[in-house]
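Listing of target_21.txt; format and content: compact mmCIF, C-alpha atoms and all ligand atoms.
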```txt
# COMPACT_ATOMS: atom_id res chain seq x y z
CA MET P 796 6.23 -4.77 15.54
CA ASN P 797 3.30 -7.05 16.40
CA VAL P 798 0.38 -7.51 14.02
CA PHE P 799 -2.03 -5.34 16.02
CA GLU P 800 0.51 -2.51 16.16
CA ALA P 801 1.03 -2.80 12.42
CA LEU P 802 -2.71 -2.82 11.69
CA ASN P 803 -3.42 0.11 13.97
CA SER P 804 -0.53 2.30 12.88
CA ARG P 805 -0.75 1.76 9.10
CA HIS P 806 -2.11 4.79 7.34
CA THR P 807 -1.92 6.18 3.85
CA VAL P 808 1.37 8.04 3.53
CA ARG P 809 1.07 10.94 1.09
CA ALA P 810 4.56 12.47 1.50
CA TYR P 811 7.89 10.62 1.53
CA LEU P 812 11.54 11.29 2.27
CA PRO P 813 13.74 10.87 -0.82
CA ASP P 814 15.78 8.01 0.74
CA PRO P 815 15.97 5.16 -1.78
CA VAL P 816 14.47 1.78 -0.89
CA ASP P 817 16.88 -1.13 -1.12
CA GLU P 818 15.89 -3.78 -3.70
CA LYS P 819 16.67 -6.48 -1.11
CA VAL P 820 14.09 -4.95 1.21
CA ILE P 821 11.50 -5.01 -1.58
CA VAL P 822 12.25 -8.69 -2.26
CA ASP P 823 12.00 -9.49 1.45
CA ILE P 824 8.62 -7.72 1.68
CA MET P 825 7.29 -9.46 -1.43
CA ALA P 826 8.54 -12.90 -0.30
CA ALA P 827 6.56 -12.55 2.95
CA ALA P 828 3.54 -10.86 1.33
CA THR P 829 3.12 -13.53 -1.32
CA ARG P 830 2.36 -15.98 1.52
CA THR P 831 -1.09 -14.36 1.22
CA PRO P 832 -3.84 -16.91 0.54
CA SER P 833 -5.52 -16.97 -2.85
CA TRP P 834 -8.34 -18.84 -4.57
CA ALA P 835 -7.12 -22.50 -4.78
CA ASN P 836 -3.56 -21.15 -4.53
CA THR P 837 -3.88 -19.61 -7.98
CA GLN P 838 -1.57 -16.75 -6.89
CA PRO P 839 -2.99 -14.52 -9.63
CA TRP P 840 -0.63 -11.63 -8.87
CA GLU P 841 2.12 -10.32 -11.12
CA ILE P 842 4.02 -7.56 -9.34
CA PHE P 843 6.07 -4.86 -11.05
CA VAL P 844 8.14 -2.71 -8.70
CA THR P 845 10.02 0.33 -9.86
CA ALA P 846 12.42 2.86 -8.38
CA GLY P 847 15.23 5.20 -9.43
CA GLU P 848 15.46 6.48 -12.98
CA ARG P 849 12.73 4.20 -14.33
CA LEU P 850 10.29 5.48 -11.73
CA GLU P 851 11.26 9.10 -12.39
CA ARG P 852 10.66 8.59 -16.11
CA LEU P 853 7.25 7.08 -15.39
CA ARG P 854 6.42 9.84 -12.89
CA SER P 855 7.25 12.46 -15.46
CA ALA P 856 5.21 10.68 -18.17
CA VAL P 857 2.07 10.39 -16.02
CA LEU P 858 2.38 13.99 -14.85
CA THR P 859 2.65 15.18 -18.44
CA ALA P 860 -0.43 13.16 -19.42
CA PHE P 861 -2.37 14.59 -16.49
CA ARG P 862 -1.27 18.18 -17.16
CA GLU P 863 -2.14 17.86 -20.83
CA GLY P 864 -5.65 16.84 -19.82
CA GLU P 865 -5.45 13.24 -20.98
CA PRO P 866 -8.45 11.52 -19.34
CA PRO P 867 -7.46 8.84 -16.81
CA GLY P 868 -8.31 5.33 -17.99
CA GLN P 869 -7.71 2.76 -15.27
CA ASP P 870 -7.92 -0.88 -16.43
CA MET P 871 -10.43 -1.48 -13.66
CA PRO P 872 -12.83 1.46 -13.64
CA ARG P 873 -14.40 2.89 -10.50
CA PRO P 874 -18.15 2.39 -9.94
CA GLU P 875 -20.31 5.09 -11.55
CA THR P 876 -22.46 5.31 -8.44
CA TRP P 877 -21.94 4.26 -4.85
CA PRO P 878 -24.54 3.39 -2.18
CA PRO P 879 -25.44 6.72 -0.50
CA LEU P 880 -23.79 5.93 2.86
CA LEU P 881 -20.51 5.04 1.16
CA GLU P 882 -20.75 8.12 -1.03
CA ARG P 883 -21.15 10.20 2.14
CA ARG P 884 -18.06 8.66 3.77
CA MET P 885 -16.08 9.39 0.61
CA ARG P 886 -17.21 13.02 0.67
CA GLU P 887 -16.37 13.30 4.37
CA LEU P 888 -12.88 11.92 3.74
CA GLY P 889 -12.27 14.60 1.11
CA GLN P 890 -13.61 17.37 3.34
CA GLN P 891 -11.56 16.26 6.35
CA ARG P 892 -8.37 15.89 4.34
CA PHE P 893 -8.72 19.30 2.71
CA GLU P 894 -9.49 20.82 6.10
CA ALA P 895 -6.34 19.22 7.60
CA LEU P 896 -4.37 20.69 4.69
CA GLY P 897 -5.99 24.12 5.09
CA ILE P 898 -7.47 23.98 1.59
CA GLY P 899 -10.81 25.77 1.25
CA ARG P 900 -13.83 25.02 -0.94
CA GLY P 901 -13.08 27.27 -3.87
CA GLU P 902 -9.32 26.68 -3.99
CA GLU P 903 -9.34 24.74 -7.23
CA ASP P 904 -5.60 25.12 -7.90
CA ALA P 905 -4.69 23.67 -4.51
CA ARG P 906 -7.18 20.82 -5.06
CA ARG P 907 -5.72 20.09 -8.47
CA ALA P 908 -2.23 20.09 -6.95
CA GLN P 909 -3.44 17.37 -4.57
CA SER P 910 -4.67 15.29 -7.51
CA GLU P 911 -1.32 15.78 -9.23
CA MET P 912 0.49 14.47 -6.15
CA GLY P 913 -1.62 11.32 -6.29
CA ILE P 914 -0.99 10.85 -9.99
CA ALA P 915 2.76 11.28 -9.28
CA PHE P 916 2.78 8.53 -6.62
CA PHE P 917 3.00 11.10 -3.77
CA GLY P 918 6.72 11.47 -4.51
CA ALA P 919 7.49 7.96 -3.23
CA PRO P 920 10.93 6.48 -4.02
CA ALA P 921 9.44 3.08 -4.97
CA VAL P 922 6.10 1.94 -6.39
CA ALA P 923 4.69 -1.57 -6.80
CA PHE P 924 2.01 -2.24 -9.40
CA LEU P 925 -0.23 -5.24 -8.76
CA CYS P 926 -1.41 -6.85 -11.98
CA MET P 927 -3.45 -9.90 -12.95
CA ASP P 928 -4.72 -11.58 -16.10
CA LYS P 929 -7.51 -9.57 -17.73
CA THR P 930 -9.85 -12.59 -17.87
CA LEU P 931 -9.96 -12.99 -14.08
CA THR P 932 -12.92 -12.01 -11.91
CA ALA P 933 -13.63 -10.29 -8.62
CA TRP P 934 -12.30 -13.32 -6.73
CA SER P 935 -8.82 -12.62 -7.98
CA VAL P 936 -9.20 -8.93 -7.18
CA PHE P 937 -10.05 -10.14 -3.67
CA ASP P 938 -6.72 -12.03 -3.64
CA LEU P 939 -4.88 -8.92 -4.85
CA GLY P 940 -6.55 -6.87 -2.12
CA MET P 941 -5.29 -9.23 0.53
CA LEU P 942 -1.85 -9.18 -1.07
CA ALA P 943 -1.88 -5.38 -0.97
CA GLN P 944 -2.51 -5.32 2.78
CA SER P 945 0.18 -7.98 3.32
CA ILE P 946 2.67 -5.83 1.39
CA MET P 947 1.79 -2.80 3.51
CA LEU P 948 2.15 -4.70 6.79
CA ALA P 949 5.45 -6.29 5.73
CA ALA P 950 6.67 -2.83 4.68
CA ALA P 951 5.81 -1.53 8.16
CA GLU P 952 8.15 -4.15 9.63
CA HIS P 953 10.89 -2.52 7.51
CA CYS P 954 9.86 0.94 8.81
CA LEU P 955 8.48 1.90 5.40
CA GLY P 956 5.32 3.89 4.91
CA THR P 957 2.91 2.95 2.13
CA ALA P 958 -0.05 4.23 0.14
CA VAL P 959 -2.34 2.13 -2.00
CA ALA P 960 -3.99 4.26 -4.68
CA PHE P 961 -6.26 4.08 -7.70
CA ALA P 962 -4.67 7.36 -8.84
CA PHE P 963 -1.34 5.55 -9.36
CA VAL P 964 -2.82 3.48 -12.19
CA ALA P 965 -4.59 6.31 -14.00
CA TYR P 966 -2.47 5.79 -17.13
CA PRO P 967 -1.89 2.02 -17.42
CA GLN P 968 -0.54 2.29 -20.96
CA LEU P 969 2.35 4.43 -19.65
CA ILE P 970 3.06 1.90 -16.90
CA ARG P 971 2.98 -0.89 -19.52
CA ALA P 972 5.37 1.00 -21.77
CA GLU P 973 7.88 1.82 -19.02
CA LEU P 974 7.82 -1.48 -17.14
CA GLY P 975 7.04 -3.95 -19.90
CA VAL P 976 3.74 -5.10 -18.38
CA PRO P 977 2.22 -7.50 -20.95
CA GLU P 978 -1.07 -6.53 -22.64
CA ASN P 979 -2.87 -9.57 -21.19
CA LEU P 980 -2.47 -8.20 -17.68
CA SER P 981 -4.68 -5.59 -15.99
CA VAL P 982 -2.78 -3.05 -13.96
CA VAL P 983 -5.12 -3.21 -10.98
CA ILE P 984 -3.61 -0.97 -8.31
CA GLY P 985 -0.37 0.68 -7.22
CA ILE P 986 1.34 0.81 -3.84
CA ALA P 987 3.87 3.51 -2.99
CA LEU P 988 6.65 2.58 -0.58
CA GLY P 989 9.22 4.71 1.19
CA LYS P 990 10.24 6.40 4.40
CA GLU P 991 7.40 8.56 5.65
CA ASP P 992 8.04 12.29 5.92
CA GLU P 993 6.54 12.39 9.38
CA ASP P 994 6.63 16.17 9.68
CA HIS P 995 4.79 16.79 6.44
CA VAL P 996 1.26 18.18 6.76
CA GLN P 997 0.07 15.60 4.19
CA ASN P 998 0.70 12.94 6.82
CA SER P 999 -0.98 14.70 9.73
CA TYR P 1000 -4.46 13.38 8.97
CA ARG P 1001 -5.74 10.06 10.35
CA SER P 1002 -8.94 8.67 8.88
CA PRO P 1003 -11.71 7.55 11.24
CA ARG P 1004 -13.42 4.15 11.26
CA ARG P 1005 -16.97 3.12 11.93
CA PRO P 1006 -17.30 1.77 15.49
CA VAL P 1007 -16.78 -1.97 15.63
CA THR P 1008 -20.17 -2.27 17.40
CA GLU P 1009 -21.82 -0.89 14.25
CA VAL P 1010 -19.90 -3.07 11.82
CA VAL P 1011 -19.85 -6.45 13.57
CA ARG P 1012 -22.90 -8.53 14.46
CA THR P 1013 -22.26 -11.53 16.65
CA ALA P 1014 -24.49 -14.47 17.42
CA GLY P 1015 -24.22 -17.54 19.56
CA PHE P 1016 -21.37 -16.57 21.88
CA SER P 1017 -21.54 -17.28 25.60
CA PRO P 1018 -23.74 -14.68 27.32
CA GLY P 1019 -21.97 -12.15 29.52
CA GLN P 1020 -18.73 -12.36 27.55
CA SER P 1021 -19.55 -9.89 24.81
CA SER P 1022 -17.75 -6.58 24.77
CA LEU P 1023 -19.83 -5.33 21.83
C1 LIG V 1 -8.44 0.45 -3.52
C2 LIG V 1 -7.97 1.74 -2.90
C3 LIG V 1 -7.77 2.84 -3.71
C4 LIG V 1 -7.32 4.04 -3.15
N1 LIG V 1 -7.06 5.11 -3.97
C5 LIG V 1 -6.58 6.26 -3.44
C6 LIG V 1 -6.26 7.35 -4.27
O1 LIG V 1 -6.39 7.28 -5.49
N2 LIG V 1 -5.78 8.48 -3.70
C7 LIG V 1 -5.59 8.57 -2.34
O2 LIG V 1 -5.13 9.63 -1.88
N3 LIG V 1 -5.88 7.54 -1.52
C8 LIG V 1 -6.37 6.40 -2.04
N4 LIG V 1 -6.65 5.34 -1.23
C9 LIG V 1 -6.42 5.45 0.23
C10 LIG V 1 -7.74 5.59 0.99
O3 LIG V 1 -8.27 6.88 0.80
C11 LIG V 1 -7.45 5.32 2.46
O4 LIG V 1 -7.02 3.99 2.62
C12 LIG V 1 -8.66 5.54 3.36
O5 LIG V 1 -9.07 6.88 3.33
C13 LIG V 1 -8.36 5.15 4.81
O6 LIG V 1 -7.26 5.90 5.27
P1 LIG V 1 -5.92 5.23 5.79
O7 LIG V 1 -5.36 4.37 4.69
O8 LIG V 1 -5.01 6.39 6.10
O9 LIG V 1 -6.25 4.40 7.00
C14 LIG V 1 -7.10 4.14 -1.74
C15 LIG V 1 -7.31 3.00 -0.94
C16 LIG V 1 -7.72 1.82 -1.50
C17 LIG V 1 -7.89 0.61 -0.61
```

As structure tokens - that is how I would like this structure written.
Amino acid sequence: MNVFEALNSRHTVRAYLPDPVDEKVIVDIMAAATRTPSWANTQPWEIFVTAGERLERLRSAVLTAFREGEPPGQDMPRPETWPPLLERRMRELGQQRFEALGIGRGEEDARRAQSEMGIAFFGAPAVAFLCMDKTLTAWSVFDLGMLAQSIMLAAAEHCLGTAVAFAFVAYPQLIRAELGVPENLSVVIGIALGKEDEDHVQNSYRSPRRPVTEVVRTAGFSPGQSSL
């Protein structure tokens, strides 16, 4: 798969086949992905990957917490407000996804079931948690973000679908307890990995993007060569 194919075909996979992911494949993905650049080669990432019984135990613990109404408490909280345009895109994403799933406005149970699936790592057979020292700043989060995309592209080469999700790290203390993540590390984000269930309705939706002509401003290129 070439890089453009990988970039254009990657999408958030929200339903997986139960096929286990080989540990060797995970190591291969992580070896390539950790070639990601970082601030002065600080390589701030600590990666905890889980599968099998350990993952099932964690899945069951986070589901129980969610069902018992324990408030989520991510180590890195979401912004309280977003710029209005971004807020609108977020709302549109929700509307379009629910529409693709045939879930109407008032169907609170179905909406809650969707949240549960996110909390439970969308049923993926493997999950990677990206962590970094709590004292680090946004620059290291930037590094982790690039690492996350590298992991997802390397996974695509192994024919694995992925999902990066804030919902996966809703209960960091449970992740710490199950995987032995030290207290000095923030559990920043999780990435699910596994074979995509291609026929599942959860995976039928493809998110749009702003046109490149709106996003990119160019200056100084040779006249007549621009395709923007
Ligand atoms: C930092 C981050 C957090 C995310 N958290 C969630 C999440 O909690 N639940 C979810 O379903 N998707 C989550 N996503 C996936 C985004 O909704 C998705 O990437 C976006 O809508 C674009 O769709 P695509 O990945 O299919 O191209 C997250 C993505 C990122 C980068």

Task: Within 9 Å of ligand LIG 1 (chain V) (all atoms listed in the file), residues as an MDAnalysis selection string - done: chainID P and resid 803:809 885 888:889 909:910 912:914 917 940 943:944 957:965 983:985 998 1000:1004

Can you pull out every residue within 8 Å of stretch 816-831 of chain P, counting all atoms listed in the file, but drop anything in the same chain fewer than 4 positions away, and send it as a short mmCIF file (atom, residue, chain, number, x, y, z; two decimals) with C-alpha atoms, in the coordinates of the input?
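What ended up in selection06.cif:
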```cif
data_model
loop_
_atom_site.label_atom_id
_atom_site.label_comp_id
_atom_site.auth_asym_id
_atom_site.auth_seq_id
_atom_site.Cartn_x
_atom_site.Cartn_y
_atom_site.Cartn_z
CA GLN P 838 -1.57 -16.75 -6.89
CA ALA P 846 12.42 2.86 -8.38
CA PRO P 920 10.93 6.48 -4.02
CA ALA P 921 9.44 3.08 -4.97
CA ASP P 938 -6.72 -12.03 -3.64
CA MET P 941 -5.29 -9.23 0.53
CA LEU P 942 -1.85 -9.18 -1.07
CA SER P 945 0.18 -7.98 3.32
CA ILE P 946 2.67 -5.83 1.39
CA ALA P 949 5.45 -6.29 5.73
CA ALA P 950 6.67 -2.83 4.68
CA HIS P 953 10.89 -2.52 7.51
CA LEU P 988 6.65 2.58 -0.58
CA GLY P 989 9.22 4.71 1.19
#
```

Restricting to all atoms listed in the file, whichever of P:Ile970, P:Leu931, P:Ser981, P:Glu903 is closest to P:Leu850 is P:Ile970

One decimal place gives the atom CA of P:Pro874-atom CA of P:Val982 separation as 16.8 Å

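Using all atoms listed in the file, the nearest neighbour of P:Gln997 within the list P:Glu800, P:Glu894, P:Asp870, P:Glu865 is P:Glu894.
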
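Once stretch 854-859 of chain P and its same-chain neighbours fewer than 6 positions away are set aside, P:Glu911, P:Ile914, P:Ala915, P:Phe916, P:Tyr966, P:Leu969 remain within 8 Å of it when counting all atoms listed in the file.
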
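Interatomic distance, atom CA of P:Trp840 against atom CA of P:Asp992: 29.4 Å.
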
Can you patch up stretch 835-854 of chain P, filling it in to N, CA, C and O atoms, and show the result as a compact mmCIF listing (two decimals), in the coordinates of the input?
```txt
# COMPACT_ATOMS: atom_id res chain seq x y z
N ALA P 835 -7.74 -21.23 -4.40
CA ALA P 835 -7.12 -22.50 -4.78
C ALA P 835 -5.63 -22.33 -5.10
O ALA P 835 -5.09 -22.98 -5.99
N ASN P 836 -5.00 -21.45 -4.36
CA ASN P 836 -3.56 -21.15 -4.53
C ASN P 836 -3.21 -20.75 -5.96
O ASN P 836 -2.13 -21.07 -6.47
N THR P 837 -4.13 -20.05 -6.60
CA THR P 837 -3.88 -19.61 -7.98
C THR P 837 -2.80 -18.52 -8.05
O THR P 837 -2.22 -18.30 -9.11
N GLN P 838 -2.59 -17.80 -6.93
CA GLN P 838 -1.57 -16.75 -6.89
C GLN P 838 -1.63 -15.88 -8.16
O GLN P 838 -0.67 -15.83 -8.93
N PRO P 839 -2.76 -15.20 -8.35
CA PRO P 839 -2.99 -14.52 -9.63
C PRO P 839 -2.11 -13.28 -9.84
O PRO P 839 -2.12 -12.69 -10.92
N TRP P 840 -1.36 -12.88 -8.83
CA TRP P 840 -0.63 -11.63 -8.87
C TRP P 840 0.63 -11.67 -9.72
O TRP P 840 1.39 -12.62 -9.72
N GLU P 841 0.84 -10.62 -10.46
CA GLU P 841 2.12 -10.32 -11.12
C GLU P 841 2.47 -8.93 -10.61
O GLU P 841 1.68 -8.00 -10.72
N ILE P 842 3.67 -8.80 -10.04
CA ILE P 842 4.02 -7.56 -9.34
C ILE P 842 5.18 -6.89 -10.06
O ILE P 842 6.21 -7.53 -10.29
N PHE P 843 5.01 -5.64 -10.39
CA PHE P 843 6.07 -4.86 -11.05
C PHE P 843 6.45 -3.73 -10.11
O PHE P 843 5.62 -2.89 -9.80
N VAL P 844 7.71 -3.74 -9.66
CA VAL P 844 8.14 -2.71 -8.70
C VAL P 844 9.19 -1.85 -9.36
O VAL P 844 10.12 -2.37 -9.99
N THR P 845 9.06 -0.56 -9.21
CA THR P 845 10.02 0.33 -9.86
C THR P 845 10.53 1.40 -8.91
O THR P 845 9.85 1.79 -7.96
N ALA P 846 11.76 1.85 -9.20
CA ALA P 846 12.42 2.86 -8.38
C ALA P 846 13.42 3.59 -9.28
O ALA P 846 13.53 3.29 -10.47
N GLY P 847 14.12 4.55 -8.71
CA GLY P 847 15.23 5.20 -9.43
C GLY P 847 14.79 5.87 -10.72
O GLY P 847 13.70 6.41 -10.83
N GLU P 848 15.69 5.78 -11.71
CA GLU P 848 15.46 6.48 -12.98
C GLU P 848 14.19 6.05 -13.70
O GLU P 848 13.50 6.84 -14.32
N ARG P 849 13.92 4.74 -13.64
CA ARG P 849 12.73 4.20 -14.33
C ARG P 849 11.46 4.80 -13.72
O ARG P 849 10.54 5.16 -14.44
N LEU P 850 11.46 4.90 -12.39
CA LEU P 850 10.29 5.48 -11.73
C LEU P 850 10.18 6.97 -12.07
O LEU P 850 9.09 7.47 -12.33
N GLU P 851 11.32 7.65 -12.08
CA GLU P 851 11.26 9.10 -12.39
C GLU P 851 10.74 9.33 -13.80
O GLU P 851 10.00 10.27 -14.06
N ARG P 852 11.14 8.46 -14.73
CA ARG P 852 10.66 8.59 -16.11
C ARG P 852 9.14 8.37 -16.16
O ARG P 852 8.42 9.11 -16.83
N LEU P 853 8.69 7.37 -15.42
CA LEU P 853 7.25 7.08 -15.39
C LEU P 853 6.50 8.24 -14.72
O LEU P 853 5.45 8.68 -15.21
N ARG P 854 7.06 8.75 -13.61
CA ARG P 854 6.42 9.84 -12.89
C ARG P 854 6.25 11.04 -13.82
O ARG P 854 5.20 11.67 -13.88
```
